[in-house]
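Student: Take a look at this one; I'll ask things after.
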Amino acid sequence: MKISDIKPEIYTLAAEVEEEIRPLFAEIDARAAKNTEKVMAAFQDNRVSDACFAGTTGYGYDDLGRETLDKIYAQIFHAEAALVRTGFVNGTHALTAAMFSLAAPGETILAVTGTPYDTLRSAIGISGDCFGSLKFYGVNYAQVDLAADGGPDYAAIAKAAAAPLIKGVMIQRSRGYEDRKALSMEEIGKICETVRAVNPAAHIMVDNCYGEFTDTIEPTDVGADIIAGSLIKNPGGGIAPTGGYVAGNKELVDRAAMRLTTPGIGGECGSTLGVNRLLFQGMFLAPHTVAQALKTAVFCAAMMKRIGFESSPGVAEKRSDIIQMVHLKNGENMKRFCMGIQAGAPVDSYVTPEPWQMPGYDCPVIMAAGSFIQGSSIELSADGPYREPYTVYMQGGLTYESGKLGIMMAASAMLA
């Protein structure tokens with residue numbers, strides 16, 4: 001299947017959909033402009049120069065670019081400190097380092113948005129019996145499920161967070177592989193207020209994956225002590241080749257750095273090997289790139305609605321992450337949707353996605369991802385557990401124009 005195979009009626013439908021959603025694009029562009037101002041101010045205030053792009057080797061002492069980028073992330077997220085490193089192999093790694101900063105052996109971390117998504121469960125010790133998990137080191141885990149409406153259960157959070165051994169509280173902003181909404185900044189702020197009222201000493205962490213720059217403020221603006229995420233999602237702008245970040249309270253960031261490297265060294269070492277320029281450029285592009293992904297998601301929701309499939313968020317619904325959830329009803333539709341997304345990619349467009357037993361998941365997963373950066377979720381991709389209710393999670397789109405074509409390819413494949 002190629003771009004030339006898109007049916008004429010799909011082009012007609014796409015034009016109608018674009019006219020319908022055009023006012024929503026103006027709102028997305030306004031947020032991107034505000035976030036770009038914030039990023040530009042951080043670059044200028046921290047005197048970014050060509051010297052910041054030079055790489056270091058060996059121990060990486062006195063790496064101007066690494067130190068400057070940490071300051072830029074800290075300023076953008078209104079945090080005391082940040083740790084931006086290619087040494088984080090993925091978002092799960094950055095999140096795990098942040099979780100280890102929250103509590104000591106014998107203390108408890110409380111997840112207040114239900115069970116974290118699959119890849120974190122082994123790190124926590126909820127599933128499996130991995131050497132080195134939080135459970136292995138004696139850090140306990142407790143959980144508050146979401147309310148019946150899919151939002152935070154504030155009363156249950158207040159009750160659970162008041163327990164004496166609760167020293168860390170974990171909030172997952174995005175939906176993961178769950179049929180739930182991403183949390184808004186208002187909801188995250190209210191969770192923080194609820195926890196502070198009963199346990200002011202508890203450290204509050206937000207898994208910020210997929211959420212950066214979808215609003216004009218971040219969790220650290222509404223009470224979170226520490227946030228973490230992946231550089232091959234929103235803040236890498238589709239340019240960063242790998243890595244993750246942690247930002248927030250300086251003591252907690254320093255603790256996370258000790259987990260990334262080793263106690264006593266923390267963030268003082270780590271050569272950058274010439275990658276700095278890509279990390280700076282990725283953050284510079286991030287607000288615009290996230291806007292492209294959000295436009296692609298809105299277009300997807302509108303197109304799927306027109307051909308009879310429910311989506312979340314809805315077309316005009318407020319978005320707090322870049323993920324578009326589409327309920328595809330059966331396995332064949334899921335395969336065809338993913339086939340279309342893959343065929344609409346610039347890389348590996350000739351590949352046909354099939355469900356497979358992906359490491360870290362308890363059932364087969366189907367994934368469409370033709371990206372320049374392997375596993376990049378800010379580039380157009382679609383994936384999900386291959387099981388009922390056959391819900392696919394689509395995200396990304398480096399440009400709206402290419403993302404739109406991918407969705408049109410998916411619609412063509414499903415209507416074949």
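Letters A, B, ... go to the chains of the structure tokens in the order shown; residues in each chain start at 1; ligands are counted from 1 in the same order.
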Counting only C-alpha atoms, what are the residues of range 252-286 of chain A within 12 Å of range 22-44 of chain A, and for each of them which pair of atoms is the nearest and at what distance in Å, to one decimal? Sort the table by chain and rising number, as a Markdown table.

Tutor:
```
| residue | atom | partner | partner_atom | distance |
| --- | --- | --- | --- | --- |
| A:Phe280 | CA | A:Phe43 | CA | 8.9 |
| A:Gln281 | CA | A:Phe43 | CA | 10.5 |
| A:Gly282 | CA | A:Val39 | CA | 11.0 |
| A:Met283 | CA | A:Val39 | CA | 7.6 |
| A:Phe284 | CA | A:Val39 | CA | 6.5 |
| A:Leu285 | CA | A:Thr36 | CA | 8.3 |
| A:Ala286 | CA | A:Thr36 | CA | 8.3 |
```

Student: If we count only C-alpha atoms, what is near Met1 in chain A at a cut-off of 10 Å, once residues fewer than 6 positions away on the same chain are taken out, given as a ChimeraX atom specification?

Tutor: /A:339-340,342-344,349-352,409,412-413

Student: Using only C-alpha atoms, determine which residues lie at most 12 Å from Ala163 in chain A, disregarding the query and same-chain residues fewer than 6 positions distant; provide the list as a PyMOL selection string.

Tutor: chain A and resi 107-110+142+156-157+169+195+198-202

Student: So that I can check the secondary structure, give me every residue of range 103-158 of chain A assigned strand (DSSP E) by backbone DSSP, as a ChimeraX atom specification.

Tutor: /A:108-111,140-143

Student: Using only C-alpha atoms, pick whichever of A:Ala291, A:Val17, A:Ala79, A:Ile407 has the shortest atom-to-atom distance to Ala224 in chain A.

Tutor: A:Ala79

Student: Could you check the closest approach to Ala240 in chain A for each of A:Tyr141, A:Tyr393, A:Phe372, A:Phe213 and tell me which residue wins, using only C-alpha atoms?

Tutor: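 With only C-alpha atoms as the atom set, the closest residue is A:Phe372.
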
Student: Can you list, as a PyMOL selection string, every protein, DNA or RNA residue that comes within 10 Å of Pro385 in chain A when you count only C-alpha atoms, leaving out same-chain residues fewer than 2 positions away?

Tutor: chain A and resi 177+334+355-358+361-367+383+387-393

Student: Could you please determine the separation between CA of Lys295 in chain A and CA of Glu401 in chain A in Å, to one decimal place?

Tutor: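 Distance reported for this atom pair: 9.5 Å.
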
Student: Among range 129-367 of chain A, which ones does DSSP assign to alpha helix (DSSP H) (computed from the backbone)? Answer as a PyMOL selection string.

Tutor: chain A and resi 154-161+185-198+250-260+276-306+331-343
